[in-house]
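These notes are about the structure you will find just below.
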Amino acid sequence: MNSLLKNKAGSHFDLLIVFSLCLAGFLVFFPVLQCGFVNFDDNRYIYENRDILHADKDAVVNFFSRCYVGLYLPLTMLSFALDFTLWRLSPAGFHAMNLFLHLCNVMLVFTILKRLLKDRRPAFFVCLLFAVHPVQVEVVAWVSQRKTLLSSFFILLSFLLYARSYESGEEGRRFYRFSLLCYMLSLLSKPAYVFYPFILIFYDYCFLKKTWRSALSGKTLFFLFSLMSGGITWYCHQSSGALYFYREGSFFKNAAVSLASLGLYARILIFPVRLSVIYELPREGHFFISFALGFILLVSGAFFAAAGLREKKESVFYLAWVFFIIVPVSGLLLPLSTVANDRYLYLPSVAFFVIFLQPLFTMRRPISRLKKFYMAGAGTALLLFYMFSAHSRIRIWENTEVLWIDTIAKTRLTHLPFLSLGHFYLEKGNLSAAEKHLDKALEKAPENIDTLITLSMLFFQKKDYASSMDYLKKAHAVEPTNADILNRMGIISAHQGRKDDSLLYFFQAIQNRPDYFDPYFNTAVVFFEQGEKEKAEDFFVLALHAGKDSSMIMQEHIDRYERMRQIELADFLESILQKNR
């Protein structure tokens, strides 16, 4: 009877702890509800994505058959479609879902840590740091990071179910199957945890005291899902041009950068100042310091692991937790264009905090009251600093302009913030500010295709077609087979009255990319304007068969021509669309 009462009291106390953790996370992050979308992937995932704006059965098929921004994440896209159905394009609804998922992850992290650490105190403090740390702002406040939150939710649930699968016979096997299902759902949300099966192996070895051979058993399907997801991710990255072999010129330089990024991660977890969307670690003056810190962490981690395998195996598990999540995004196995990102620390931060805080909770020597008072004061001050820093950093995600102005203030070499801010001003019609920032982007990356195309768009809006064409010619010199560049060159030629030249550019674009809707459509428009309606109809039909979304795009053009009072062309397109449905 007494044990039953203790269990009930313990459960009620756990609920109180979870509530307090979620309340702390909510108080820190609730300002995200006032943030908007930013033109940093939010546009491609949500407000410019036809599959989201016209969510239907075809869109659902597309979610499971397409890569988005170089990744395969059908469940994340489904969650965006659900948000759009509920909130339309109100950013507050999307941000509310992100915050809700973060708080769910806080609950799961506490539940897992209480099981692993077998003590509520360290579990509470570690989870509190996870809930409010400034490094989590990027994941919670950036709508596009729904993929990280959703994937982390399923991976935490998978691990919790796997840990419970050893508790009883048939019920344990059911937990195991659900754990496997959650892992699959995690990979379908974002392929971030492809090395998760190795974490399970270390859990079996370190906590369940299995041999390495027995720890490997039961992981076949986990590894199968991991390999399939890795293959799809490789394909998506390669097709989107996100792979760089190697980003710093060679494997050894890339390894040095990855090691330095490890030092950067340690620094921003302990002392999170000057957090940025973009880090320029390879060329900063403090590169050697970051590299040295990363090297020290690697060597000490290896020494700690070797000692732990002999004495305290549980400690090695947390090193494996960090290692097997960070390695896929370190640029070693899958070279990427990024150096380091706050979002990559979302779950690794938990194990990092355990490693650094656990010694405080396992001290055998008695501590005087004065020392306890000083330690409590220092811990409280550090926690308040983290909470205040996180709360303040959320404003960076208020809108696109604020985000990129902050990033520009913290970067010196990369063109991306100048390009993104210039594009933002171009969309707002502030052409002078757009030109200023785009020129700066071009200065930092003279052959960047996106910058050259955006500058061409700017001068096109100014109706300076000659300058617009000059920038496209520079882009064409860099990528002669780029169909988008050729298509834009055709559009400008048509506006200059050079119809024959425009058709040549459109034909080249079609030849280089036969499934590209725009050059077929633009060719048809040129023929229509010349009075050659039979040829125009032929190319409009070809445009309709150029891709899955062609009918939807055609309808958008019909609506646009009706608004522009080009009724003859709108009716012509409507008749073709009706014939070919």
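Ordered as shown in the structure tokens, chains take letters A, B, and onward, while each chain numbers its residues from 1 and ligands are numbered from 1 in the order shown.
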Q.
Could you list, as a count of residues only, every residue within 7 Å of Ser179 in chain A, counting only C-alpha atoms and ignoring same-chain residues fewer than 3 positions away?
A. 8
(Q) Can you pull out the residues contacting Leu384 in chain A? Cut-off 12 Å, using only C-alpha atoms, and skip same-chain residues under 4 positions away; I want them as a PyMOL selection string. (A) chain A and resi 24+28+128-129+132-134+377-380+388-391
Limited to all heavy atoms, could you put the picked residues into a file as an mmCIF file, in the first residue's frame?
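New file part.cif:
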data_model
loop_
_atom_site.group_PDB
_atom_site.id
_atom_site.type_symbol
_atom_site.label_atom_id
_atom_site.label_comp_id
_atom_site.auth_asym_id
_atom_site.auth_seq_id
_atom_site.Cartn_x
_atom_site.Cartn_y
_atom_site.Cartn_z
ATOM 1 N N ALA A 24 8.117 26.968 -18.656
ATOM 2 C CA ALA A 24 9.346 27.733 -18.890
ATOM 3 C C ALA A 24 9.610 27.874 -20.385
ATOM 4 O O ALA A 24 9.943 28.962 -20.879
ATOM 5 C CB ALA A 24 10.524 27.049 -18.201
ATOM 6 N N VAL A 28 9.456 31.512 -22.602
ATOM 7 C CA VAL A 28 10.604 31.987 -23.382
ATOM 8 C C VAL A 28 10.241 32.144 -24.847
ATOM 9 O O VAL A 28 10.602 33.138 -25.494
ATOM 10 C CB VAL A 28 11.803 31.025 -23.222
ATOM 11 C CG1 VAL A 28 12.909 31.366 -24.227
ATOM 12 C CG2 VAL A 28 12.356 31.097 -21.807
ATOM 13 N N LEU A 128 15.518 21.423 -18.614
ATOM 14 C CA LEU A 128 15.246 22.856 -18.551
ATOM 15 C C LEU A 128 16.180 23.622 -19.483
ATOM 16 O O LEU A 128 15.755 24.540 -20.193
ATOM 17 C CB LEU A 128 15.403 23.351 -17.113
ATOM 18 C CG LEU A 128 15.086 24.827 -16.849
ATOM 19 C CD1 LEU A 128 13.643 25.148 -17.243
ATOM 20 C CD2 LEU A 128 15.337 25.170 -15.385
ATOM 21 N N LEU A 129 17.450 23.249 -19.502
ATOM 22 C CA LEU A 129 18.396 23.873 -20.432
ATOM 23 C C LEU A 129 17.988 23.612 -21.874
ATOM 24 O O LEU A 129 18.044 24.502 -22.723
ATOM 25 C CB LEU A 129 19.809 23.345 -20.170
ATOM 26 C CG LEU A 129 20.509 23.865 -18.921
ATOM 27 C CD1 LEU A 129 21.842 23.131 -18.718
ATOM 28 C CD2 LEU A 129 20.750 25.358 -19.020
ATOM 29 N N VAL A 132 14.978 25.953 -22.927
ATOM 30 C CA VAL A 132 15.069 27.419 -23.016
ATOM 31 C C VAL A 132 16.375 27.925 -23.616
ATOM 32 O O VAL A 132 16.561 29.137 -23.739
ATOM 33 C CB VAL A 132 14.911 28.049 -21.607
ATOM 34 C CG1 VAL A 132 13.599 27.617 -20.980
ATOM 35 C CG2 VAL A 132 16.089 27.685 -20.686
ATOM 36 N N HIS A 133 17.280 27.056 -24.008
ATOM 37 C CA HIS A 133 18.599 27.500 -24.483
ATOM 38 C C HIS A 133 18.475 28.311 -25.785
ATOM 39 O O HIS A 133 17.676 27.982 -26.668
ATOM 40 C CB HIS A 133 19.510 26.290 -24.733
ATOM 41 C CG HIS A 133 20.958 26.643 -24.799
ATOM 42 N ND1 HIS A 133 21.545 27.153 -25.941
ATOM 43 C CD2 HIS A 133 21.946 26.584 -23.873
ATOM 44 C CE1 HIS A 133 22.828 27.369 -25.713
ATOM 45 N NE2 HIS A 133 23.099 27.040 -24.468
ATOM 46 N N PRO A 134 19.263 29.378 -25.924
ATOM 47 C CA PRO A 134 19.173 30.237 -27.128
ATOM 48 C C PRO A 134 19.453 29.507 -28.434
ATOM 49 O O PRO A 134 18.968 29.933 -29.485
ATOM 50 C CB PRO A 134 20.247 31.309 -26.878
ATOM 51 C CG PRO A 134 20.463 31.312 -25.415
ATOM 52 C CD PRO A 134 20.218 29.914 -24.942
ATOM 53 N N GLY A 377 23.479 29.993 -7.012
ATOM 54 C CA GLY A 377 23.411 31.348 -7.553
ATOM 55 C C GLY A 377 23.977 31.437 -8.953
ATOM 56 O O GLY A 377 23.390 32.070 -9.848
ATOM 57 N N ALA A 378 25.141 30.774 -9.166
ATOM 58 C CA ALA A 378 25.762 30.784 -10.495
ATOM 59 C C ALA A 378 24.873 30.078 -11.509
ATOM 60 O O ALA A 378 24.700 30.549 -12.645
ATOM 61 C CB ALA A 378 27.135 30.119 -10.436
ATOM 62 N N GLY A 379 24.292 28.943 -11.106
ATOM 63 C CA GLY A 379 23.407 28.213 -12.009
ATOM 64 C C GLY A 379 22.170 29.006 -12.371
ATOM 65 O O GLY A 379 21.745 29.019 -13.534
ATOM 66 N N THR A 380 21.589 29.675 -11.377
ATOM 67 C CA THR A 380 20.401 30.501 -11.627
ATOM 68 C C THR A 380 20.726 31.659 -12.560
ATOM 69 O O THR A 380 19.955 31.974 -13.485
ATOM 70 C CB THR A 380 19.830 31.029 -10.309
ATOM 71 O OG1 THR A 380 19.518 29.930 -9.452
ATOM 72 C CG2 THR A 380 18.582 31.862 -10.549
ATOM 73 N N PHE A 388 16.944 34.894 -21.128
ATOM 74 C CA PHE A 388 16.871 36.245 -21.659
ATOM 75 C C PHE A 388 17.435 36.303 -23.079
ATOM 76 O O PHE A 388 16.863 36.954 -23.961
ATOM 77 C CB PHE A 388 17.637 37.205 -20.748
ATOM 78 C CG PHE A 388 17.700 38.616 -21.270
ATOM 79 C CD1 PHE A 388 16.609 39.470 -21.167
ATOM 80 C CD2 PHE A 388 18.855 39.086 -21.886
ATOM 81 C CE1 PHE A 388 16.658 40.767 -21.666
ATOM 82 C CE2 PHE A 388 18.925 40.375 -22.386
ATOM 83 C CZ PHE A 388 17.828 41.222 -22.277
ATOM 84 N N SER A 389 18.552 35.605 -23.308
ATOM 85 C CA SER A 389 19.171 35.597 -24.643
ATOM 86 C C SER A 389 18.249 34.968 -25.670
ATOM 87 O O SER A 389 18.109 35.470 -26.794
ATOM 88 C CB SER A 389 20.505 34.843 -24.601
ATOM 89 O OG SER A 389 21.419 35.460 -23.725
ATOM 90 N N ALA A 390 17.604 33.852 -25.296
ATOM 91 C CA ALA A 390 16.682 33.181 -26.221
ATOM 92 C C ALA A 390 15.482 34.084 -26.516
ATOM 93 O O ALA A 390 15.074 34.234 -27.672
ATOM 94 C CB ALA A 390 16.219 31.861 -25.624
ATOM 95 N N HIS A 391 14.934 34.679 -25.459
ATOM 96 C CA HIS A 391 13.773 35.560 -25.621
ATOM 97 C C HIS A 391 14.119 36.740 -26.540
ATOM 98 O O HIS A 391 13.307 37.141 -27.387
ATOM 99 C CB HIS A 391 13.327 36.067 -24.247
ATOM 100 C CG HIS A 391 11.988 36.716 -24.242
ATOM 101 N ND1 HIS A 391 10.815 35.999 -24.184
ATOM 102 C CD2 HIS A 391 11.624 38.017 -24.311
ATOM 103 C CE1 HIS A 391 9.787 36.826 -24.196
ATOM 104 N NE2 HIS A 391 10.243 38.066 -24.275
#
(Q) Counting only C-alpha atoms, which residue out of A:Arg560, A:Phe424, A:Asn430, A:Met387 sits closest to Leu27 in chain A? (A) A:Met387
**Q.** Closest of A:Ile46, A:Val273, A:Ala570, A:Phe100 to Leu150 in chain A - atom-to-atom distances counting only C-alpha atoms
**A.** A:Phe100
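The space separating CA of Phe572 in chain A from CA of Gly490 in chain A comes to 22.2 Å.
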Q: Find the residues around Thr414 in chain A up to 9 Å (only C-alpha atoms counted), leave out those fewer than 3 positions away in its own chain, and share them as a PyMOL selection string.
A: chain A and resi 278+280+408+411+417-418+441+444-445
Keeping N, CA, C and O atoms, export the residues of the selection given above as a PDB file, in the first residue's frame.
ATOM      1  N   ILE A 278      24.119  32.153 -40.348  1.00  0.00           N
ATOM      2  CA  ILE A 278      25.250  31.715 -41.158  1.00  0.00           C
ATOM      3  C   ILE A 278      26.533  31.910 -40.364  1.00  0.00           C
ATOM      4  O   ILE A 278      26.751  32.987 -39.790  1.00  0.00           O
ATOM      5  N   GLU A 280      30.764  31.745 -40.629  1.00  0.00           N
ATOM      6  CA  GLU A 280      31.864  31.782 -41.598  1.00  0.00           C
ATOM      7  C   GLU A 280      33.149  31.257 -40.967  1.00  0.00           C
ATOM      8  O   GLU A 280      34.211  31.841 -41.070  1.00  0.00           O
ATOM      9  N   ILE A 408      23.844  40.075 -41.760  1.00  0.00           N
ATOM     10  CA  ILE A 408      24.873  40.894 -42.399  1.00  0.00           C
ATOM     11  C   ILE A 408      25.815  41.495 -41.356  1.00  0.00           C
ATOM     12  O   ILE A 408      27.025  41.587 -41.566  1.00  0.00           O
ATOM     13  N   THR A 411      28.361  38.679 -40.465  1.00  0.00           N
ATOM     14  CA  THR A 411      29.118  37.990 -41.501  1.00  0.00           C
ATOM     15  C   THR A 411      29.862  39.005 -42.358  1.00  0.00           C
ATOM     16  O   THR A 411      29.457  40.156 -42.457  1.00  0.00           O
ATOM     17  N   PRO A 417      23.211  36.631 -47.355  1.00  0.00           N
ATOM     18  CA  PRO A 417      22.304  37.608 -46.727  1.00  0.00           C
ATOM     19  C   PRO A 417      22.051  38.837 -47.586  1.00  0.00           C
ATOM     20  O   PRO A 417      20.938  39.378 -47.585  1.00  0.00           O
ATOM     21  N   PHE A 418      23.064  39.289 -48.335  1.00  0.00           N
ATOM     22  CA  PHE A 418      22.866  40.442 -49.220  1.00  0.00           C
ATOM     23  C   PHE A 418      21.916  40.088 -50.358  1.00  0.00           C
ATOM     24  O   PHE A 418      21.040  40.878 -50.717  1.00  0.00           O
ATOM     25  N   ALA A 441      26.188  41.717 -52.949  1.00  0.00           N
ATOM     26  CA  ALA A 441      26.227  40.259 -53.114  1.00  0.00           C
ATOM     27  C   ALA A 441      27.090  39.870 -54.303  1.00  0.00           C
ATOM     28  O   ALA A 441      27.869  38.905 -54.242  1.00  0.00           O
ATOM     29  N   LYS A 444      30.795  40.022 -53.583  1.00  0.00           N
ATOM     30  CA  LYS A 444      31.309  38.915 -52.788  1.00  0.00           C
ATOM     31  C   LYS A 444      31.317  37.597 -53.559  1.00  0.00           C
ATOM     32  O   LYS A 444      32.105  36.704 -53.247  1.00  0.00           O
ATOM     33  N   ALA A 445      30.442  37.474 -54.558  1.00  0.00           N
ATOM     34  CA  ALA A 445      30.390  36.246 -55.363  1.00  0.00           C
ATOM     35  C   ALA A 445      30.063  36.638 -56.802  1.00  0.00           C
ATOM     36  O   ALA A 445      28.905  36.575 -57.227  1.00  0.00           O
TER      37      ALA A 445
END
Q.
What does the structure give for the distance between CA of Ala123 in chain A and CA of Leu383 in chain A, in Å to one decimal?
A. 15.2 Å
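Compared by their closest atoms to Leu78 in chain A, and using only C-alpha atoms, the residues A:Tyr235, A:Tyr505, A:Phe130, A:Phe64 rank with A:Phe64 nearest.
For the choices A:Leu89, A:Leu188, A:Leu117, A:Ile17, the atom-to-atom distance to Leu75 in chain A is smallest for A:Leu188 when using only C-alpha atoms.
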Give me, as JSON lines, each residue of range 506-566 of chain A that comes within 9 Å of range 474-483 of chain A, together with its shortest interatomic pair and the distance in Å at one decimal, counting only C-alpha atoms, with rows ordered by chain and rising residue number.
{"residue": "A:Phe506", "atom": "CA", "partner": "A:Ala483", "partner_atom": "CA", "distance": 8.5}
{"residue": "A:Gln508", "atom": "CA", "partner": "A:Ala483", "partner_atom": "CA", "distance": 7.5}
{"residue": "A:Ala509", "atom": "CA", "partner": "A:Ala483", "partner_atom": "CA", "distance": 4.3}
{"residue": "A:Ile510", "atom": "CA", "partner": "A:Ala483", "partner_atom": "CA", "distance": 7.2}
{"residue": "A:Gln511", "atom": "CA", "partner": "A:Ala483", "partner_atom": "CA", "distance": 8.5}
{"residue": "A:Asn512", "atom": "CA", "partner": "A:Ala483", "partner_atom": "CA", "distance": 6.1}
{"residue": "A:Arg513", "atom": "CA", "partner": "A:Ala483", "partner_atom": "CA", "distance": 6.2}
{"residue": "A:Tyr516", "atom": "CA", "partner": "A:Ala483", "partner_atom": "CA", "distance": 8.0}
{"residue": "A:Pro519", "atom": "CA", "partner": "A:Ala483", "partner_atom": "CA", "distance": 8.5}
File dump, residues just selected, N, CA and C atoms, as an mmCIF file, in the first residue's frame:
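What ended up in part26.cif:
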data_model
loop_
_atom_site.group_PDB
_atom_site.id
_atom_site.type_symbol
_atom_site.label_atom_id
_atom_site.label_comp_id
_atom_site.auth_asym_id
_atom_site.auth_seq_id
_atom_site.Cartn_x
_atom_site.Cartn_y
_atom_site.Cartn_z
ATOM 1 N N PHE A 506 14.060 30.190 -76.458
ATOM 2 C CA PHE A 506 13.061 29.259 -75.921
ATOM 3 C C PHE A 506 13.324 27.834 -76.405
ATOM 4 N N GLN A 508 16.188 26.546 -77.268
ATOM 5 C CA GLN A 508 17.366 26.015 -76.574
ATOM 6 C C GLN A 508 17.002 25.577 -75.152
ATOM 7 N N ALA A 509 16.165 26.357 -74.501
ATOM 8 C CA ALA A 509 15.729 25.994 -73.147
ATOM 9 C C ALA A 509 14.960 24.673 -73.160
ATOM 10 N N ILE A 510 14.094 24.492 -74.162
ATOM 11 C CA ILE A 510 13.331 23.243 -74.285
ATOM 12 C C ILE A 510 14.266 22.073 -74.545
ATOM 13 N N GLN A 511 15.254 22.294 -75.388
ATOM 14 C CA GLN A 511 16.205 21.230 -75.714
ATOM 15 C C GLN A 511 16.994 20.795 -74.475
ATOM 16 N N ASN A 512 17.368 21.775 -73.647
ATOM 17 C CA ASN A 512 18.161 21.453 -72.462
ATOM 18 C C ASN A 512 17.316 20.882 -71.323
ATOM 19 N N ARG A 513 16.024 21.218 -71.318
ATOM 20 C CA ARG A 513 15.146 20.727 -70.240
ATOM 21 C C ARG A 513 13.747 20.496 -70.805
ATOM 22 N N TYR A 516 10.272 21.403 -68.892
ATOM 23 C CA TYR A 516 10.155 22.756 -68.348
ATOM 24 C C TYR A 516 8.964 23.461 -69.001
ATOM 25 N N PRO A 519 9.255 27.639 -71.149
ATOM 26 C CA PRO A 519 9.629 27.942 -72.537
ATOM 27 C C PRO A 519 8.578 27.494 -73.556
#
Q. Please, which residues of range 500-577 of chain A, numbered as in this document, come out helix (DSSP H, G or I) from DSSP, as an MDAnalysis selection string?
A. chainID A and resid 500:512 517:529 533:544 550:563 567:577
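Of the listed residues A:Asp549, A:Leu347, A:Ala340, A:Tyr72, the one whose atoms come nearest to Gly231 in chain A is A:Tyr72, with distances taken using only C-alpha atoms.
Between CA of Leu455 in chain A and CA of Leu71 in chain A lies a distance of 28.0 Å.
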Q | Residues within 9 Å of Ala141 in chain A, only C-alpha atoms, excluding chain neighbours under 3 positions, as a list in words | A | Phe29, Pro31, Val32, Leu33, Cys35, His95, Asn98, Leu99, Gln136, Val137, Glu138, Ser144, Gln145, Ile394, Trp397 and Glu398 of chain A
Q) Using only C-alpha atoms, which residue out of A:Ser349, A:Ser11, A:Ser151, A:Ser432 lies closest to Phe323 in chain A? A) A:Ser349
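Residues with any atom within 10 Å of Ser550 in chain A, counting only C-alpha atoms and excluding same-chain neighbours fewer than 4 positions away, are Tyr516, Phe517, Asp518, Phe521, Val541, Leu542, Ala543, Leu544, His545, Ala546, Met554, Gln555 and Glu556 of chain A.
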With all heavy atoms kept, could you save the residues just selected as a short mmCIF file (atom, residue, chain, number, x, y, z; two decimals), in the first residue's frame?
data_model
loop_
_atom_site.label_atom_id
_atom_site.label_comp_id
_atom_site.auth_asym_id
_atom_site.auth_seq_id
_atom_site.Cartn_x
_atom_site.Cartn_y
_atom_site.Cartn_z
N TYR A 516 10.27 21.40 -68.89
CA TYR A 516 10.15 22.76 -68.35
C TYR A 516 8.96 23.46 -69.00
O TYR A 516 8.96 23.72 -70.21
CB TYR A 516 11.46 23.50 -68.59
CG TYR A 516 11.60 24.85 -67.94
CD1 TYR A 516 10.76 25.26 -66.91
CD2 TYR A 516 12.61 25.72 -68.34
CE1 TYR A 516 10.90 26.49 -66.32
CE2 TYR A 516 12.78 26.96 -67.74
CZ TYR A 516 11.92 27.34 -66.73
OH TYR A 516 12.07 28.57 -66.14
N PHE A 517 7.96 23.79 -68.21
CA PHE A 517 6.71 24.38 -68.71
C PHE A 517 6.93 25.74 -69.38
O PHE A 517 6.39 26.01 -70.47
CB PHE A 517 5.73 24.53 -67.54
CG PHE A 517 4.46 25.25 -67.87
CD1 PHE A 517 3.34 24.55 -68.28
CD2 PHE A 517 4.37 26.65 -67.78
CE1 PHE A 517 2.15 25.21 -68.58
CE2 PHE A 517 3.21 27.31 -68.07
CZ PHE A 517 2.09 26.59 -68.47
N ASP A 518 7.69 26.62 -68.78
CA ASP A 518 7.76 28.02 -69.18
C ASP A 518 8.17 28.26 -70.63
O ASP A 518 7.52 29.05 -71.33
CB ASP A 518 8.70 28.79 -68.24
CG ASP A 518 8.07 28.99 -66.87
OD1 ASP A 518 6.97 28.45 -66.64
OD2 ASP A 518 8.67 29.68 -66.04
N PHE A 521 5.33 27.48 -72.99
CA PHE A 521 4.26 28.47 -72.86
C PHE A 521 4.66 29.79 -73.52
O PHE A 521 3.87 30.39 -74.27
CB PHE A 521 3.94 28.69 -71.38
CG PHE A 521 2.79 29.60 -71.14
CD1 PHE A 521 1.49 29.12 -71.09
CD2 PHE A 521 2.99 30.97 -70.96
CE1 PHE A 521 0.42 29.96 -70.87
CE2 PHE A 521 1.93 31.82 -70.74
CZ PHE A 521 0.63 31.32 -70.70
N VAL A 541 -0.32 23.03 -75.92
CA VAL A 541 -0.58 21.62 -75.60
C VAL A 541 0.68 20.95 -75.07
O VAL A 541 0.64 20.18 -74.10
CB VAL A 541 -1.12 20.88 -76.84
CG1 VAL A 541 -1.20 19.38 -76.57
CG2 VAL A 541 -2.49 21.42 -77.23
N LEU A 542 1.83 21.25 -75.71
CA LEU A 542 3.10 20.71 -75.22
C LEU A 542 3.39 21.18 -73.80
O LEU A 542 3.90 20.43 -72.97
CB LEU A 542 4.24 21.12 -76.15
CG LEU A 542 4.28 20.44 -77.54
CD1 LEU A 542 5.34 21.09 -78.42
CD2 LEU A 542 4.56 18.95 -77.38
N ALA A 543 3.05 22.44 -73.54
CA ALA A 543 3.25 22.98 -72.19
C ALA A 543 2.40 22.22 -71.17
O ALA A 543 2.85 21.93 -70.05
CB ALA A 543 2.91 24.46 -72.15
N LEU A 544 1.16 21.87 -71.57
CA LEU A 544 0.27 21.15 -70.66
C LEU A 544 0.80 19.77 -70.31
O LEU A 544 0.47 19.22 -69.25
CB LEU A 544 -1.12 21.02 -71.29
CG LEU A 544 -2.05 22.22 -71.15
CD1 LEU A 544 -3.30 22.02 -71.97
CD2 LEU A 544 -2.40 22.43 -69.67
N HIS A 545 1.61 19.19 -71.19
CA HIS A 545 2.15 17.85 -70.94
C HIS A 545 3.60 17.89 -70.43
O HIS A 545 4.26 16.86 -70.37
CB HIS A 545 2.09 17.01 -72.23
CG HIS A 545 0.68 16.71 -72.67
ND1 HIS A 545 -0.02 17.53 -73.52
CD2 HIS A 545 -0.16 15.69 -72.36
CE1 HIS A 545 -1.21 17.04 -73.73
NE2 HIS A 545 -1.34 15.91 -73.04
N ALA A 546 4.05 19.08 -70.04
CA ALA A 546 5.46 19.22 -69.63
C ALA A 546 5.70 18.83 -68.18
O ALA A 546 6.83 18.58 -67.78
CB ALA A 546 5.94 20.66 -69.86
N MET A 554 -1.31 26.65 -65.93
CA MET A 554 -2.06 27.22 -67.04
C MET A 554 -3.27 28.00 -66.52
O MET A 554 -3.56 29.10 -67.01
CB MET A 554 -2.52 26.10 -67.98
CG MET A 554 -3.23 26.59 -69.22
SD MET A 554 -2.10 27.24 -70.48
CE MET A 554 -1.59 25.70 -71.27
N GLN A 555 -3.96 27.45 -65.52
CA GLN A 555 -5.12 28.14 -64.96
C GLN A 555 -4.70 29.45 -64.31
O GLN A 555 -5.41 30.46 -64.39
CB GLN A 555 -5.82 27.24 -63.94
CG GLN A 555 -7.13 27.81 -63.41
CD GLN A 555 -8.16 28.03 -64.51
OE1 GLN A 555 -8.52 27.10 -65.23
NE2 GLN A 555 -8.63 29.26 -64.64
N GLU A 556 -3.54 29.45 -63.66
CA GLU A 556 -3.04 30.70 -63.05
C GLU A 556 -2.78 31.75 -64.12
O GLU A 556 -3.06 32.95 -63.92
CB GLU A 556 -1.75 30.41 -62.27
CG GLU A 556 -1.97 29.58 -61.01
CD GLU A 556 -0.67 29.18 -60.35
OE1 GLU A 556 0.41 29.54 -60.89
OE2 GLU A 556 -0.70 28.52 -59.30
#
